[in-house]
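Comments concern the structure below.
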Amino acid sequence: MTENLFDAFEPVSSKQWKQQIQYELKGADYNDTLVWESPEGIKVKPFYHNDEEAAKFDINTAKNSFSILQNIYVHDVALSNKRALDTLNRGAESIRFTIENDTVSIEDLMQNLPLEKTHYFFYLPFLSIGFVNKIEAFATKSQAKCHIQIDPIGQLAKDGNWFQNVENDFEKLNSISQKATIPFLTINSGIYQNAGANCVQQLAYTLAHVNEYFNRVKNCNQPITIEVTVGTNYFFEIAKLRALRLLFNTLAKEYHHNFDCHIIVTPTKRNKTVYDYNVNMLRTTTECMSAILGGANSIANLPYDSLYHKDNEFGDRIARNQLLVLKHESYFDKVSNPADGAYYIESLTEQLAEKALTLFKEIEVKGGLITQLIEGNIQKKISESATKEQELFDSGKEILLGTNKYPNKNDKMKHDLELYPFVKQNPRKTLITPIIEKRLAEKIEQERLSQED
């Protein structure tokens, strides 16, 4: 069939659509009735049209580009190795080991693991040149695809202290960068959303976070990994990831850094709940969809019971299978640049990028991210944003089904808690006030738990 069916229809301009909508509203104001404003100050219109929107951005995402990432905490090397083998056989495509100390044998941990096509990430919550050299040596010898994840600034933001101090941390980081043959630098930006920052703040703080490393690490000649969390504001999260890649590449060019970033995405904890926990699976499914359409390179899904259960095979399997269904049964791996041509997403991408760039410049004028963290301004802005969202949740305007809307009063959870699911108090001396991650449902859940028999 060569006939273009749409030739039978007259084109309709955005002005004509607005006139028809205004007529249908029967006197109600168009802007007051149908246009709403997001927490980021973005006005969302009821429709988007190609005669009003800017040209699309050059943000390329190859089909089948995202890998299913399995998180493994290394408490026992042999068990962690066994678990990695098992999860790869069950559909995982890459592995991230969180290693808590420098006594772990990399050779034992990686024994018999497939190395040719599988990517391995080593997240290190400590800073050791010697241990990094061990991973480098193993990667070189075995030709394994390894990524080391080190983030002293993320350590400062989350813990309130450097690993040692600013001079020592960056001296070690520069020493690592001189010899690095594999990626070693990570931006842990998920903490900003989990603490309550809005999309523009997340992007601006992440960009400022990256900029600190570009300024302080002399030979950053490897791709940088950026860890992001996504929420359930579906289209905004897609646009956020696209804007992040656009902003990163724009900034990187200024430093002659010619590598695209590697984006790892995890669903946010902020909207997850202890009660009616199965709803968490619905939340993480849409969040993983946003991650895929937004162009994530790796996705580590959050098990539905991760708030209150220790790591377990069932929760991991369900989380992994959600991604397997999206990739192999929902055909999310068949299309390159899936968000192209969506005027709404393009518009959101542009607005988020512009607003984030403006905020980023303000941070840089005031001394950069580290200075702003030390002065407490970043923490203050995140707290203000989190408070506004918490007020919406407490008033019922922001809904978490099963928690502040249609709760099951017969649901009992007190005796099923293997982990403490609330903010942990750890009074101690810190250089800065740490950024504290907090879920929206914590207060309601604590009240319900206190009333259980």
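The way I read the labels, and the way they are meant: chains A, B, ... in the order of the structure tokens, residue 1 as the first residue of every chain, and ligand 1 as the first ligand shown, with later ones counted on from there.
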Applying 10 Å and only C-alpha atoms, which residues near Asn50 of chain A remain after dropping the ones on its own chain fewer than 5 positions away? List them as a PyMOL selection string. chain A and resi 13-14+55+341-344
Using backbone DSSP assignments, extract all alpha helix (DSSP H) residues from segment 198-401 of chain A; output them as a ChimeraX atom specification. /A:199-216,234-254,279-294,313-324,343-365,369-375,377-394
Across A:Glu389, A:Asp411, A:Glu418, A:Asp108, the smallest distance to Arg439 of chain A, with only C-alpha atoms counted, is shown by A:Glu389
Spatial neighbours of Ser290 of chain A, max dist 8 Å, only C-alpha atoms, sep filter under 2 positions, as a JSON list (two decimals) with N, CA and C atoms, in the first residue's frame:
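The result, written out as part-v2.json:
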```
[["chain", "number", "residue", "atom", "x", "y", "z"],
["A", 230, "VAL", "N", 14.96, 6.38, 40.11],
["A", 230, "VAL", "CA", 13.79, 6.92, 39.41],
["A", 230, "VAL", "C", 12.53, 6.63, 40.21],
["A", 234, "TYR", "N", 6.18, 8.94, 35.62],
["A", 234, "TYR", "CA", 6.65, 8.18, 34.45],
["A", 234, "TYR", "C", 7.37, 9.01, 33.40],
["A", 235, "PHE", "N", 6.68, 9.99, 32.82],
["A", 235, "PHE", "CA", 7.27, 10.76, 31.73],
["A", 235, "PHE", "C", 8.38, 11.69, 32.22],
["A", 237, "GLU", "N", 10.43, 11.06, 34.62],
["A", 237, "GLU", "CA", 11.63, 10.25, 34.85],
["A", 237, "GLU", "C", 12.32, 9.88, 33.55],
["A", 238, "ILE", "N", 11.54, 9.59, 32.51],
["A", 238, "ILE", "CA", 12.13, 9.35, 31.19],
["A", 238, "ILE", "C", 12.91, 10.58, 30.74],
["A", 286, "THR", "N", 6.84, 0.21, 36.61],
["A", 286, "THR", "CA", 6.77, 1.45, 35.83],
["A", 286, "THR", "C", 8.08, 2.22, 35.92],
["A", 287, "GLU", "N", 8.76, 2.14, 37.06],
["A", 287, "GLU", "CA", 10.03, 2.84, 37.21],
["A", 287, "GLU", "C", 11.10, 2.22, 36.30],
["A", 288, "CYS", "N", 11.10, 0.90, 36.19],
["A", 288, "CYS", "CA", 12.04, 0.24, 35.28],
["A", 288, "CYS", "C", 11.70, 0.57, 33.82],
["A", 292, "ILE", "N", 14.28, 2.24, 31.11],
["A", 292, "ILE", "CA", 14.57, 1.70, 29.79],
["A", 292, "ILE", "C", 14.35, 2.77, 28.71],
["A", 293, "LEU", "N", 13.19, 3.41, 28.75],
["A", 293, "LEU", "CA", 12.85, 4.40, 27.73],
["A", 293, "LEU", "C", 13.72, 5.65, 27.85],
["A", 294, "GLY", "N", 14.23, 5.91, 29.05],
["A", 294, "GLY", "CA", 15.09, 7.07, 29.25],
["A", 294, "GLY", "C", 16.53, 6.83, 28.82]]
```
Using 10 Å as the limit and counting only C-alpha atoms, can you tabulate each residue of segment 135-166 of chain A that touches segment 204-222 of chain A, with its shortest atom-to-atom distance in Å and the two atoms involved, as a tab-separated table?
```
residue	atom	partner	partner_atom	distance
A:His147	CA	A:Gln222	CA	9.9
A:Asp151	CA	A:Tyr213	CA	9.5
A:Pro152	CA	A:Tyr213	CA	9.8
A:Ile153	CA	A:His209	CA	7.4
A:Gly154	CA	A:His209	CA	8.4
```
Excluding same-chain residues fewer than 6 positions from segment 325-329 of chain A, what lies within 10 Å of it counting only C-alpha atoms, as an MDAnalysis selection string? chainID A and resid 64 66:68 285 288:289 292
Residues within 12 Å of Gly315 of chain A, only C-alpha atoms, excluding chain neighbours under 4 positions, as a ChimeraX atom specification: /A:70,277-278,280-281,301-311,319-322
Excluding Asn271 of chain A and any residue of its chain fewer than 6 positions from it, enumerate the residues within 9 Å of it, using only C-alpha atoms, and give them as a short mmCIF file (atom, residue, chain, number, x, y, z; two decimals) with C-alpha atoms, in the first residue's frame.
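New file result07.cif:
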```cif
data_model
loop_
_atom_site.label_atom_id
_atom_site.label_comp_id
_atom_site.auth_asym_id
_atom_site.auth_seq_id
_atom_site.Cartn_x
_atom_site.Cartn_y
_atom_site.Cartn_z
CA ASN A 194 15.83 9.21 48.00
CA GLY A 231 10.30 7.41 40.82
CA THR A 232 6.84 6.81 39.43
CA ASN A 280 5.91 -2.17 45.33
CA ARG A 283 5.80 0.79 41.32
CA LEU A 400 0.49 5.58 47.86
CA ARG A 439 10.53 7.37 52.74
CA LEU A 440 7.17 9.15 52.55
CA ALA A 441 5.28 6.40 54.41
#
```
Applying 7 Å and only C-alpha atoms, which residues near segment 244-248 of chain A remain after dropping the ones on its own chain fewer than 3 positions away? List them as a PyMOL selection string. chain A and resi 59+203+207+240-241+251-252+353
